[in-house]
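Read the structure below first, then the notes.
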Amino acid sequence: MCIGLALLVGSGNTAASFAFASRILVIAPHPDDETLGAGGMIFTARRRGAQVKVVFMTMGDGSGAAAGMQSGTGRPSPDHMIALGRRRHGEAIAALAALGVAEEDAIFLGYPDGGLADIVDNRHWQPHEPYTSKHTGRASSPYASSFTPGAEYCASRIVGDLAMILADYVPDLVLVPHPLDAHSDHWASYALAMYAIEQLDYVELTGARVLAYMVHAGANWPQPWGYRPDLPLDPPQWRGSPQAAWIRAALTEDAIAAKLRALEQYKSQLVSLSAFLQSFVRSNELFSLAPVIDLDPPHESGPPHGDDVPLARPDPHPFRCLPPSGEIRLVVARRIKDGVAVTATLAWRPSPSVTCRLRMVSPVPTAASSEPLCEEPRSRVTELIYETTPSSERRRPWEAAFLIPLHDLESLGPKTLIEVVTLRRGVVVDRSGWILLRM
């Protein structure tokens with residue numbers, strides 16, 4: 001859906017970047033995601049002397065089942081959820097210690113578990129319009145250990161924290177959640193992290209690499225579930241996704257053992273999810289490049305996800321009915337005389353109730369080109385939204401086409417993050433994931 005050619009370019013150099021990175025930043029939506037997606041790489045980097053910092057977007061305080069088991073009640077209160085967040089904070093410290101990362105290199109932002117997508121999709125941009133957590137009932141971080149204590153639950157605070165960490169630490173390798181991860185906190189963490197990275201012009205100014213890791217790719221991945229360190233972690237079997245789109249990072253026996261020790265620290269999660277979590281202790285880890293469409297020359301961004309429909313009933317706004325790329329197979333952008341044309345190719349003939357939405361959010365540079373990095377991002381957000389009804393003719397291809405006129409392009413600047421979403425009667429069915437469009 002949004003990988004394709006962008007992930008095939010320079011993958012050999014990217015694989016080599018693991019060996020040479022000296023300052024690594026891992027962005028994890030919840031405590032345990034850093035271990036699942038990159039625990040072996042973290043251990044290997046620390047063993048060769050590289051510095052590693054891990055940023056936890058949330059405290060993981062959204063699991064009612066885990067909070068209920070901890071508190072001994074079937075109906076955990078907001079205070080019980082916060083207590084779970086504090087427990088998962090301690091588990092994360094212990095897990096990182098098993099990987100060789102010191103406590104001072106763990107950064108907890110304290111934003112709402114299960115709420116990051118709502119912040120992105122429902123435009124909770126500023127402190128005066130915060131999101132209120134469905135789990136803790138709070139609209140700001142209740143944790144004293146938060147990077148910004150009392151930070152309001154809004155996009156500008158999150159982006160500001162990430163920008164400050166990037167500017168202060170200056171990593172040469174940044175690991176982010178995959179833009180097509182099926183978990184809403186994961187793809188939203190990617191969107192917020194990329195907004196901060198692009199707002200700073202970080203890659204252009206520092207030459208850093210940005211790689212993505214996957215945790216949730218549908219009910220049938222990884223296969224098989226369970227502890228099988230003798231098996232490889234294979235890429236998800238997504239429609240049309242070339243295998244070269246993934247970078248396999250082989251793990252030593254010591255790295256595999258360290259990853260298992262780290263995972264064992266997350267006792268609150270292993271109680272109910274052990275088979276799934278242990279599935280990531282394999283002989284390798286997987287990474288990919290962040291998806292980019294460059295209009296000179298035009299590039300495609302193509303699918304990577306399977307056909308299985310999850311059983312859980314989706315939230316009607318930020319979440320999806322289908323796994324990633326269940327419906328959107330390809331996103332293409334090209335220059336035309338009147339502006340830029342963005343086309344989304346669909347997997348099947350759309351029903352009359354389907355609409356497609358293109359959202360474009362432009363990260364405004366935080367500083368003049370003479371200033372290398374800026375700690376505080378500007379609060380202004382440039383956002384454009386277009387909607388269309390996709391073609392439902394019998395002949396293929398089934399497409400949704402958007403035209404961004406020249407006068408709109410002028411407001412976006414040289415780059416923007418774009419996402420195509422399909423909706424059926426107002427409910428999100430599939431989303432392309434956020435793609436960086438360079439104009």
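Residues are named by chain letter and number: chains run A, B, ... in the order of the structure tokens, numbers start at 1 in each chain, and ligands are numbered from 1 in the order shown.
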Give one line per residue of range 182-245 of chain A that approaches range 47-63 of chain A to at most 10 Å, naming the two atoms of the closest pair and their distance in Å to one decimal, counting only C-alpha atoms; sort by chain then ascending residue number and deliver it as JSON lines.
```
{"residue": "A:Asp185", "atom": "CA", "partner": "A:Met57", "partner_atom": "CA", "distance": 8.9}
{"residue": "A:His186", "atom": "CA", "partner": "A:Met57", "partner_atom": "CA", "distance": 9.6}
{"residue": "A:Ser189", "atom": "CA", "partner": "A:Met57", "partner_atom": "CA", "distance": 7.3}
{"residue": "A:Ala193", "atom": "CA", "partner": "A:Met57", "partner_atom": "CA", "distance": 9.9}
```
*Write out as a list in words which residues come within 7 Å of Tyr227 in chain A when counting only C-alpha atoms, dropping same-chain ones fewer than 5 positions away.*
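With the cut-off at 7 Å, the set is Gln278, Ser279 and Val281 of chain A.
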*Counting only C-alpha atoms, what is within 12 Å of range 75-85 of chain A, bar same-chain residues fewer than 5 positions away, as a ChimeraX atom specification?*
/A:30-31,56-70,90-92,108-113,132-138,141-146,266-269
*What is the distance, in Å and to one decimal place, between CA of Trp246 in chain A and CA of Trp225 in chain A?*
20.4 Å
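Residues surrounding Phe402 in chain A within 8 Å are Ala341, Val342, Thr343, Leu358, Tyr386, Glu387 and Thr388 of chain A [only C-alpha atoms; sequence separation below 4 positions excluded].
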For the selection just defined, write its residues with C-alpha atoms to a file, as an mmCIF file, in the first residue's frame.
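Saved file again_19.cif follows:
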```
data_model
loop_
_atom_site.group_PDB
_atom_site.id
_atom_site.type_symbol
_atom_site.label_atom_id
_atom_site.label_comp_id
_atom_site.auth_asym_id
_atom_site.auth_seq_id
_atom_site.Cartn_x
_atom_site.Cartn_y
_atom_site.Cartn_z
ATOM 1 C CA ALA A 341 -2.720 13.970 -9.070
ATOM 2 C CA VAL A 342 -2.919 11.335 -6.338
ATOM 3 C CA THR A 343 -4.499 8.001 -7.292
ATOM 4 C CA LEU A 358 -7.070 12.205 1.071
ATOM 5 C CA TYR A 386 -10.201 16.046 -0.147
ATOM 6 C CA GLU A 387 -12.988 13.499 -0.601
ATOM 7 C CA THR A 388 -14.137 11.613 -3.672
#
```
*Using DSSP on the backbone, list every residue of range 97-288 of chain A that comes out as helix (DSSP H, G or I), and give them as a ChimeraX atom specification.*
/A:97-98,103-105,116-121,155-169,184-199,202-206,243-245,253-263,267-278
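Restricting the calculation to only C-alpha atoms, the smallest distance between Pro236 in chain A and any of A:Ala182, A:Leu200, A:Leu205, A:Ile165 is found for A:Ala182.
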*May I ask for the distance between CA of Ala139 in chain A and CA of Ser184 in chain A, given in Å to one decimal place?*
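Distance reported for this atom pair: 18.7 Å.
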*Taking into account only C-alpha atoms, which residue in the set A:Glu410, A:Asp172, A:Asp234, A:Glu264 is nearest to Leu96 in chain A?*
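Of A:Glu410, A:Asp172, A:Asp234, A:Glu264, the one nearest Leu96 in chain A is A:Glu264, counting only C-alpha atoms.
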_Which residues are close to Asp33 in chain A, i.e. within 10 Å by only C-alpha atoms, leaving aside same-chain residues fewer than 2 positions away? Reply as a PyMOL selection string._
chain A and resi 26-31+35-39+56+92+177+186+213-215+263+277
*Using only C-alpha atoms, which of A:Ser432, A:Asp296, A:Glu383, A:Arg261 sits nearest Thr345 in chain A?*
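Comparing A:Ser432, A:Asp296, A:Glu383, A:Arg261 against Thr345 in chain A, the winner is A:Ser432.
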_According to DSSP computed on the backbone, where in range 121-221 of chain A is there strand (DSSP E or B)? Give the residues as a list in words._
Ser140, Glu152, Leu173, Val174, Leu175, Val176, Pro177, Arg209, Val210, Leu211, Ala212 and Tyr213 of chain A
*Would you mind reading off the distance between CA of Leu162 in chain A and CA of Ala191 in chain A, one decimal, in Å?*
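Interatomic distance, CA of Leu162 in chain A to CA of Ala191 in chain A: 11.8 Å.
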*What lies within 7 Å of Met360 in chain A using only C-alpha atoms, ignoring chain neighbours under 6 positions off, as a list in words?*
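Listed by chain and then number, they are Glu383, Leu384, Ile385, Thr416, Leu417, Ile418 and Glu419 of chain A.
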*Which residue gives the smallest distance to Arg424 in chain A among A:Val331, A:Ile256, A:Ala245, A:Val354, with only C-alpha atoms counted?*
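Nearest candidate to Arg424 in chain A out of A:Val331, A:Ile256, A:Ala245, A:Val354: A:Val354.
Residues surrounding Glu129 in chain A within 9 Å are Arg123, His124, Trp125, Gln126, Glu152, Tyr153 and Cys154 of chain A [only C-alpha atoms; sequence separation below 3 positions excluded].
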*Point out the residue among A:Ile328, A:Ile435, A:Pro224, A:Gln265 with the least atom-to-atom distance to Leu289 in chain A, counting only C-alpha atoms.*
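Answer, going by the shortest atom-to-atom distance: A:Ile435.
Among the candidates A:Val428, A:Ala333, A:Val271, A:Val170, the one nearest to Val203 in chain A when counting only C-alpha atoms is A:Val170.
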